[in-house]
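Contents: one structure, followed by commentary.
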Amino acid sequence: MIRRTSSTMDRMHVSSRQLALLVPLARLRFALRTRMRVAHFAPALFACVLLALASCGDAPKAKPNVLLITVDTLRADHLGCYGYARDTTPNLDAFAKESALFERAYSMAPFTAPSHASLFTGMYQISHGVQFWGQKLAASAPSYPERFAKAGYRTAAFYNHPGMKSCDLERGFEHRELRVAEPGDPSIDGLLAWIDGRSAQGGDVGGPGASGASNANGANGAASGAANAKPFAAWLHLWDVHRPYGWRDWREIPDVLKPLFQRRELTFAFEEQRYGGQHDVEVGRGEQFYNVHDARQRQPISVAGSKRVLDERDWQFVQDRYDGGVRYADALLGKLFKELKDRGLYENTVIVVTSDHGETLRERSGCWFTHDPYLYEETLRVPLIIRVPGGAGSSHRELVRGIDVLPTLLEYADLPAAGVQGHSLMPALRGEKLPPQVLWARTQTLSAKESERKIEAGKGWLEERECISDGAWKLIVDRETNTAALYDLVNDPGETKNALHQPDAQPHAQRLQKALDEFGKLQKALESGVELDEAMRELLDNLGY
Ligand SMILES: [Zn+2]
């Protein structure tokens, strides 16, 4: 009975997004504020039902360490262990062989802040409150480090985006190291030093107002004994895959990347002449490929900037750079795993490797090399690989989501999961089948329609899209244009044909639309102050999904 209730609830969460679509654009700010208010009490509303699901299981006797790794912008299909033909991820492939690999894992948003907030809280956006930069993690949404600190863990974050701070996503980590868009190397070193007790054991390192190197060098030697006696829960966030792909000086190709580009494929060195030197890749909008910039001058490179259409070599060039970032991140993780093994920590650490979203490369004609605006597979499907101590390799085809990560960690560590809205994936690790779940993801970002000039001037408006998917079909609704599209993910995995008006697809369209509608009702009820129990009961009766 508990399972049934939970599953139905999940669908209601998905459908609540429909309400957002009905709010006119002019009311956007008001609507956001309204949803923020909802966000503050929604966790409590759902807690009682979900609590029962999240705390069973056979936890180990000793508290395991926990390491959550998010490789920003890493789309699942560019990893070897997810079927990519290129040898981008030899270290993660080896790691996956002794881990649970979830083949169809989805982020909750194609957007860094809300996606991380869902990973940290196990909650939907309306509950944790982070939908855009600057929106704070709701005080009522307990986060990953707060939950583990309460259980006696020491906690730390090593991350690469200052915007995380603007959303309070670093809240609850007792030790924080921010490195803005740097290579991952110093973050790995910082993490290991913190694990060893060689560095400071609290406060901020890097970023505005931090004490910086003196703190990093660790005047806090006395803390190391006590630090090592406690289990740790850490977050490592790597930026190496994110735009601008290949921010390093590619004229000095790191040794680790050379094997990847030795074959007939393009090499960065050869591309120097074609594109005129060191450069970044930035977001491309519209038909013009203005988005290859000189990294030093920040000016469009003349050759590419004048092109109206990208040729195959251009596409290959960008993909090479993206894959180079993937390979570099993989090498960093290989190093990290080895260091943990050398310290005897690998076997008592739960390690999760995932991402906050994927990336669209050449799939969409309107906007290239970005993620925020799109809810397609390439921007939502992420790797999710979980290794528990003594872990054996397994792979799982059920749809799983970002909100399912935290409850999995909590269950493994035998910690309470009150308020969490996702479902633990531990049954899969025990060899059981996971119950079917539905993805409800959404995004809110700068409009792709606006001119670059307007966006630069800070006048770009927001756009909102949401999607609901059961893994076989996906309904994407665009609130800005009040349009919808239905995709058959089995027969059209590239999401190229809108099947919304196809007669044989109508049952699927209706089923997904109904879930959206029902969730919209729940949200309306919450906004009008109706008690949750009453609203829930009514919706449970109405669902029949
Ligand atoms: Zn991101």
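We label chains A, B, ... in the order they appear in the structure tokens, count residues from 1 in each chain, and number ligands from 1 in the order shown.
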Could you build a table of the residues in chain A lying no more than 9 Å from ligand 1, giving for each the nearest pair of atoms and their separation in Å rounded to one decimal place, using only C-alpha atoms and all ligand atoms, ordered by chain and ascending residue number, as JSON lines?
```
{"residue": "A:Thr70", "atom": "CA", "partner": "ligand 1", "partner_atom_place_in_ligand_line": "1 (Zn)", "distance": 8.9}
{"residue": "A:Val71", "atom": "CA", "partner": "ligand 1", "partner_atom_place_in_ligand_line": "1 (Zn)", "distance": 8.2}
{"residue": "A:Asp72", "atom": "CA", "partner": "ligand 1", "partner_atom_place_in_ligand_line": "1 (Zn)", "distance": 4.6}
{"residue": "A:Thr73", "atom": "CA", "partner": "ligand 1", "partner_atom_place_in_ligand_line": "1 (Zn)", "distance": 5.2}
{"residue": "A:Leu74", "atom": "CA", "partner": "ligand 1", "partner_atom_place_in_ligand_line": "1 (Zn)", "distance": 8.6}
{"residue": "A:Pro110", "atom": "CA", "partner": "ligand 1", "partner_atom_place_in_ligand_line": "1 (Zn)", "distance": 7.5}
{"residue": "A:Phe111", "atom": "CA", "partner": "ligand 1", "partner_atom_place_in_ligand_line": "1 (Zn)", "distance": 5.6}
{"residue": "A:Thr112", "atom": "CA", "partner": "ligand 1", "partner_atom_place_in_ligand_line": "1 (Zn)", "distance": 3.5}
{"residue": "A:Ala113", "atom": "CA", "partner": "ligand 1", "partner_atom_place_in_ligand_line": "1 (Zn)", "distance": 7.2}
{"residue": "A:Ser115", "atom": "CA", "partner": "ligand 1", "partner_atom_place_in_ligand_line": "1 (Zn)", "distance": 7.9}
{"residue": "A:His116", "atom": "CA", "partner": "ligand 1", "partner_atom_place_in_ligand_line": "1 (Zn)", "distance": 8.2}
{"residue": "A:His161", "atom": "CA", "partner": "ligand 1", "partner_atom_place_in_ligand_line": "1 (Zn)", "distance": 8.7}
{"residue": "A:Trp239", "atom": "CA", "partner": "ligand 1", "partner_atom_place_in_ligand_line": "1 (Zn)", "distance": 8.3}
{"residue": "A:His242", "atom": "CA", "partner": "ligand 1", "partner_atom_place_in_ligand_line": "1 (Zn)", "distance": 7.3}
{"residue": "A:Ser355", "atom": "CA", "partner": "ligand 1", "partner_atom_place_in_ligand_line": "1 (Zn)", "distance": 7.7}
{"residue": "A:Asp356", "atom": "CA", "partner": "ligand 1", "partner_atom_place_in_ligand_line": "1 (Zn)", "distance": 5.3}
{"residue": "A:His357", "atom": "CA", "partner": "ligand 1", "partner_atom_place_in_ligand_line": "1 (Zn)", "distance": 6.0}
{"residue": "A:Gly358", "atom": "CA", "partner": "ligand 1", "partner_atom_place_in_ligand_line": "1 (Zn)", "distance": 8.1}
{"residue": "A:His371", "atom": "CA", "partner": "ligand 1", "partner_atom_place_in_ligand_line": "1 (Zn)", "distance": 8.2}
{"residue": "A:Asp372", "atom": "CA", "partner": "ligand 1", "partner_atom_place_in_ligand_line": "1 (Zn)", "distance": 8.6}
```
Write to file, as a CSV table (one decimal), in the first residue's frame, the residues of the selection just made, with N, CA, C and O atoms.
```
chain,number,residue,atom,x,y,z
A,70,THR,N,29.8,15.4,-9.0
A,70,THR,CA,29.0,15.8,-10.1
A,70,THR,C,30.0,16.4,-11.2
A,70,THR,O,30.7,17.4,-10.9
A,71,VAL,N,30.1,15.8,-12.3
A,71,VAL,CA,30.9,16.3,-13.4
A,71,VAL,C,29.9,17.2,-14.2
A,71,VAL,O,29.1,16.6,-15.0
A,72,ASP,N,30.1,18.5,-14.1
A,72,ASP,CA,29.1,19.4,-14.7
A,72,ASP,C,29.0,19.2,-16.2
A,72,ASP,O,30.1,19.0,-16.9
A,73,THR,N,27.8,19.1,-16.8
A,73,THR,CA,27.6,19.1,-18.2
A,73,THR,C,28.0,17.8,-18.9
A,73,THR,O,28.3,17.8,-20.1
A,74,LEU,N,28.0,16.7,-18.2
A,74,LEU,CA,28.5,15.4,-18.7
A,74,LEU,C,27.2,14.6,-19.2
A,74,LEU,O,26.5,14.1,-18.4
A,110,PRO,N,17.8,20.9,-16.8
A,110,PRO,CA,19.1,21.0,-17.6
A,110,PRO,C,19.8,22.3,-17.2
A,110,PRO,O,20.4,23.0,-18.0
A,111,PHE,N,19.9,22.5,-15.9
A,111,PHE,CA,20.4,23.8,-15.4
A,111,PHE,C,21.1,23.5,-14.1
A,111,PHE,O,20.6,22.8,-13.2
A,112,THR,N,22.3,24.1,-13.9
A,112,THR,CA,23.2,23.7,-12.8
A,112,THR,C,22.5,23.8,-11.4
A,112,THR,O,22.5,22.9,-10.6
A,113,ALA,N,21.9,25.0,-11.2
A,113,ALA,CA,21.5,25.3,-9.8
A,113,ALA,C,20.3,24.4,-9.4
A,113,ALA,O,20.4,23.7,-8.3
A,115,SER,N,19.2,21.7,-10.6
A,115,SER,CA,19.6,20.2,-10.6
A,115,SER,C,20.4,19.8,-9.4
A,115,SER,O,20.1,18.8,-8.8
A,116,HIS,N,21.4,20.6,-9.1
A,116,HIS,CA,22.2,20.3,-7.9
A,116,HIS,C,21.3,20.4,-6.6
A,116,HIS,O,21.4,19.6,-5.7
A,161,HIS,N,31.7,26.7,-9.2
A,161,HIS,CA,30.8,27.7,-9.8
A,161,HIS,C,30.3,28.7,-8.7
A,161,HIS,O,29.7,28.2,-7.7
A,239,TRP,N,34.5,20.9,-13.4
A,239,TRP,CA,34.0,21.9,-14.4
A,239,TRP,C,34.7,21.6,-15.8
A,239,TRP,O,34.4,22.3,-16.7
A,242,HIS,N,32.5,21.4,-19.0
A,242,HIS,CA,31.6,22.5,-19.3
A,242,HIS,C,32.2,23.4,-20.4
A,242,HIS,O,33.4,23.5,-20.5
A,355,SER,N,26.0,13.7,-13.1
A,355,SER,CA,26.1,15.1,-13.6
A,355,SER,C,24.8,15.9,-13.3
A,355,SER,O,23.8,15.3,-13.0
A,356,ASP,N,24.9,17.2,-13.5
A,356,ASP,CA,23.7,18.0,-13.2
A,356,ASP,C,22.9,18.1,-14.5
A,356,ASP,O,21.7,18.5,-14.4
A,357,HIS,N,23.5,17.9,-15.6
A,357,HIS,CA,22.7,17.9,-16.9
A,357,HIS,C,23.7,17.5,-18.0
A,357,HIS,O,24.9,17.4,-17.8
A,358,GLY,N,23.1,17.3,-19.2
A,358,GLY,CA,24.0,17.0,-20.3
A,358,GLY,C,24.3,18.3,-21.1
A,358,GLY,O,24.5,19.3,-20.6
A,371,HIS,N,22.7,23.9,-22.6
A,371,HIS,CA,21.8,23.0,-22.0
A,371,HIS,C,20.6,23.6,-21.4
A,371,HIS,O,19.5,23.1,-21.5
A,372,ASP,N,20.7,24.8,-20.9
A,372,ASP,CA,19.6,25.4,-20.1
A,372,ASP,C,18.2,25.4,-20.8
A,372,ASP,O,17.2,25.2,-20.1
```
Item to check | Those of range 316-380 of chain A in DSSP helix (DSSP H, G or I), formatted as a PyMOL selection string | outcome: chain A and resi 316-342+346-348+377-380
Create the file for the chosen residues now, containing N, CA and C atoms and written as a tab-separated table (two decimals), in the first residue's frame.
```tsv
chain	number	residue	atom	x	y	z
A	316	GLN	N	32.89	18.39	-35.99
A	316	GLN	CA	33.85	17.46	-35.42
A	316	GLN	C	34.79	18.19	-34.46
A	317	PHE	N	35.16	19.37	-34.85
A	317	PHE	CA	36.05	20.18	-34.03
A	317	PHE	C	35.44	20.42	-32.64
A	318	VAL	N	34.19	20.81	-32.62
A	318	VAL	CA	33.54	21.09	-31.34
A	318	VAL	C	33.41	19.81	-30.52
A	319	GLN	N	33.03	18.75	-31.21
A	319	GLN	CA	32.87	17.49	-30.49
A	319	GLN	C	34.19	16.99	-29.93
A	320	ASP	N	35.26	17.18	-30.67
A	320	ASP	CA	36.58	16.81	-30.17
A	320	ASP	C	36.89	17.54	-28.87
A	321	ARG	N	36.55	18.79	-28.88
A	321	ARG	CA	36.85	19.58	-27.67
A	321	ARG	C	36.01	19.12	-26.49
A	322	TYR	N	34.74	18.87	-26.75
A	322	TYR	CA	33.88	18.37	-25.67
A	322	TYR	C	34.43	17.04	-25.13
A	323	ASP	N	34.73	16.14	-26.05
A	323	ASP	CA	35.24	14.83	-25.63
A	323	ASP	C	36.57	14.94	-24.91
A	324	GLY	N	37.36	15.92	-25.31
A	324	GLY	CA	38.62	16.14	-24.60
A	324	GLY	C	38.37	16.49	-23.14
A	325	GLY	N	37.34	17.30	-22.91
A	325	GLY	CA	36.99	17.64	-21.53
A	325	GLY	C	36.53	16.42	-20.75
A	326	VAL	N	35.77	15.57	-21.41
A	326	VAL	CA	35.30	14.34	-20.75
A	326	VAL	C	36.51	13.47	-20.38
A	327	ARG	N	37.42	13.35	-21.33
A	327	ARG	CA	38.59	12.49	-21.07
A	327	ARG	C	39.45	13.06	-19.96
A	328	TYR	N	39.51	14.37	-19.90
A	328	TYR	CA	40.31	14.98	-18.85
A	328	TYR	C	39.68	14.75	-17.47
A	329	ALA	N	38.37	14.94	-17.39
A	329	ALA	CA	37.67	14.70	-16.12
A	329	ALA	C	37.83	13.24	-15.70
A	330	ASP	N	37.78	12.35	-16.67
A	330	ASP	CA	37.94	10.92	-16.38
A	330	ASP	C	39.32	10.65	-15.78
A	331	ALA	N	40.32	11.30	-16.33
A	331	ALA	CA	41.68	11.09	-15.80
A	331	ALA	C	41.78	11.58	-14.36
A	332	LEU	N	41.13	12.71	-14.08
A	332	LEU	CA	41.14	13.23	-12.72
A	332	LEU	C	40.49	12.24	-11.75
A	333	LEU	N	39.38	11.67	-12.18
A	333	LEU	CA	38.69	10.73	-11.30
A	333	LEU	C	39.50	9.45	-11.13
A	334	GLY	N	40.19	9.04	-12.19
A	334	GLY	CA	41.07	7.87	-12.07
A	334	GLY	C	42.13	8.11	-11.00
A	335	LYS	N	42.66	9.32	-11.02
A	335	LYS	CA	43.67	9.68	-10.02
A	335	LYS	C	43.06	9.67	-8.62
A	336	LEU	N	41.88	10.24	-8.50
A	336	LEU	CA	41.23	10.30	-7.19
A	336	LEU	C	40.96	8.90	-6.64
A	337	PHE	N	40.45	8.02	-7.49
A	337	PHE	CA	40.14	6.66	-7.01
A	337	PHE	C	41.42	5.96	-6.55
A	338	LYS	N	42.47	6.15	-7.28
A	338	LYS	CA	43.76	5.52	-6.90
A	338	LYS	C	44.22	6.05	-5.54
A	339	GLU	N	44.11	7.36	-5.36
A	339	GLU	CA	44.54	7.96	-4.09
A	339	GLU	C	43.69	7.42	-2.93
A	340	LEU	N	42.40	7.25	-3.16
A	340	LEU	CA	41.55	6.70	-2.10
A	340	LEU	C	41.94	5.26	-1.80
A	341	LYS	N	42.26	4.51	-2.85
A	341	LYS	CA	42.71	3.12	-2.62
A	341	LYS	C	44.01	3.10	-1.83
A	342	ASP	N	44.95	3.97	-2.20
A	342	ASP	CA	46.23	4.02	-1.51
A	342	ASP	C	46.05	4.33	-0.03
A	346	TYR	N	38.94	3.56	-0.12
A	346	TYR	CA	38.04	3.26	-1.24
A	346	TYR	C	36.96	2.26	-0.85
A	347	GLU	N	37.35	1.27	-0.07
A	347	GLU	CA	36.40	0.21	0.25
A	347	GLU	C	35.39	0.58	1.32
A	348	ASN	N	35.60	1.70	1.99
A	348	ASN	CA	34.58	2.11	2.95
A	348	ASN	C	33.94	3.44	2.53
A	377	GLU	N	16.62	14.62	-24.55
A	377	GLU	CA	17.42	13.57	-23.92
A	377	GLU	C	18.89	13.97	-23.74
A	378	GLU	N	19.44	14.65	-24.74
A	378	GLU	CA	20.87	14.96	-24.65
A	378	GLU	C	21.19	15.97	-23.55
A	379	THR	N	20.19	16.71	-23.10
A	379	THR	CA	20.46	17.65	-22.01
A	379	THR	C	19.99	17.13	-20.65
A	380	LEU	N	19.14	16.10	-20.65
A	380	LEU	CA	18.64	15.59	-19.37
A	380	LEU	C	19.26	14.26	-18.95
```
Item to check | Distance criterion (only C-alpha atoms): nearest to Arg381 in chain A out of A:Pro493, A:Pro183, A:Gly206, A:Gly431 | outcome: A:Pro493
Item to check | Residue neighbourhood Trp235 in chain A, 7 Å, only C-alpha atoms, exclusion window fewer than 3 positions, as a PyMOL selection string | outcome: chain A and resi 67-69+156-158
Checklist entry - Near Arg442 in chain A, counting only C-alpha atoms, which residues have an atom at most 10 Å away, once you skip same-chain residues fewer than 6 positions from it, shown as a list in words? => result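 Listed by chain and then number, they are Val14, Arg17, Ser107, Met108, Ala109, Pro110, Phe111, Pro114, Ser115, Tyr124, Gln125, Gln131, Asp372, Pro373, Tyr374, Leu375, Glu464, Arg465, Glu466, Cys467, Ile468, Ile476, Val477 and Asp478 of chain A.
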Item to check | Spatial neighbours of range 391-396 of chain A, 12 Å, only C-alpha atoms, chain gap at least 4 places, as a ChimeraX atom specification | outcome: /A:81-82,93-105,346-351,383-387,400,425-435
For the residues in that selection, give me C-alpha atoms as a PDB file, in the first residue's frame.
```
ATOM      1  CA  CYS A  81      30.284   2.594 -20.244  1.00  0.00           C
ATOM      2  CA  TYR A  82      27.153   4.172 -21.748  1.00  0.00           C
ATOM      3  CA  ASP A  93      34.405   2.372 -17.378  1.00  0.00           C
ATOM      4  CA  ALA A  94      36.535   0.378 -14.921  1.00  0.00           C
ATOM      5  CA  PHE A  95      34.726   2.007 -11.992  1.00  0.00           C
ATOM      6  CA  ALA A  96      31.347   1.130 -13.518  1.00  0.00           C
ATOM      7  CA  LYS A  97      32.298  -2.554 -13.718  1.00  0.00           C
ATOM      8  CA  GLU A  98      32.214  -2.706  -9.935  1.00  0.00           C
ATOM      9  CA  SER A  99      29.268  -0.359  -9.475  1.00  0.00           C
ATOM     10  CA  ALA A 100      25.562  -0.072 -10.164  1.00  0.00           C
ATOM     11  CA  LEU A 101      25.167   1.735 -13.464  1.00  0.00           C
ATOM     12  CA  PHE A 102      21.789   3.312 -14.192  1.00  0.00           C
ATOM     13  CA  GLU A 103      21.328   3.395 -17.937  1.00  0.00           C
ATOM     14  CA  ARG A 104      18.417   5.807 -17.942  1.00  0.00           C
ATOM     15  CA  ALA A 105      19.180   8.396 -15.300  1.00  0.00           C
ATOM     16  CA  TYR A 346      38.045   3.259  -1.245  1.00  0.00           C
ATOM     17  CA  GLU A 347      36.397   0.206   0.252  1.00  0.00           C
ATOM     18  CA  ASN A 348      34.577   2.114   2.950  1.00  0.00           C
ATOM     19  CA  THR A 349      33.311   4.920   0.758  1.00  0.00           C
ATOM     20  CA  VAL A 350      30.079   5.136  -1.174  1.00  0.00           C
ATOM     21  CA  ILE A 351      30.968   6.901  -4.413  1.00  0.00           C
ATOM     22  CA  PRO A 383      25.468   9.179 -16.050  1.00  0.00           C
ATOM     23  CA  LEU A 384      24.595   7.746 -12.656  1.00  0.00           C
ATOM     24  CA  ILE A 385      27.077   5.241 -11.321  1.00  0.00           C
ATOM     25  CA  ILE A 386      26.967   4.232  -7.677  1.00  0.00           C
ATOM     26  CA  ARG A 387      29.614   2.125  -6.008  1.00  0.00           C
ATOM     27  CA  VAL A 400      15.713   6.989 -12.288  1.00  0.00           C
ATOM     28  CA  LEU A 425      17.720   3.033  -5.478  1.00  0.00           C
ATOM     29  CA  MET A 426      19.076   0.581  -2.926  1.00  0.00           C
ATOM     30  CA  PRO A 427      16.598  -2.109  -4.010  1.00  0.00           C
ATOM     31  CA  ALA A 428      18.372  -2.167  -7.375  1.00  0.00           C
ATOM     32  CA  LEU A 429      21.709  -2.650  -5.657  1.00  0.00           C
ATOM     33  CA  ARG A 430      20.198  -5.574  -3.781  1.00  0.00           C
ATOM     34  CA  GLY A 431      19.102  -7.125  -7.045  1.00  0.00           C
ATOM     35  CA  GLU A 432      15.450  -6.170  -6.804  1.00  0.00           C
ATOM     36  CA  LYS A 433      13.427  -4.522  -9.532  1.00  0.00           C
ATOM     37  CA  LEU A 434      12.718  -0.839  -9.068  1.00  0.00           C
ATOM     38  CA  PRO A 435       9.116   0.345  -9.166  1.00  0.00           C
TER      39      PRO A 435
END
```
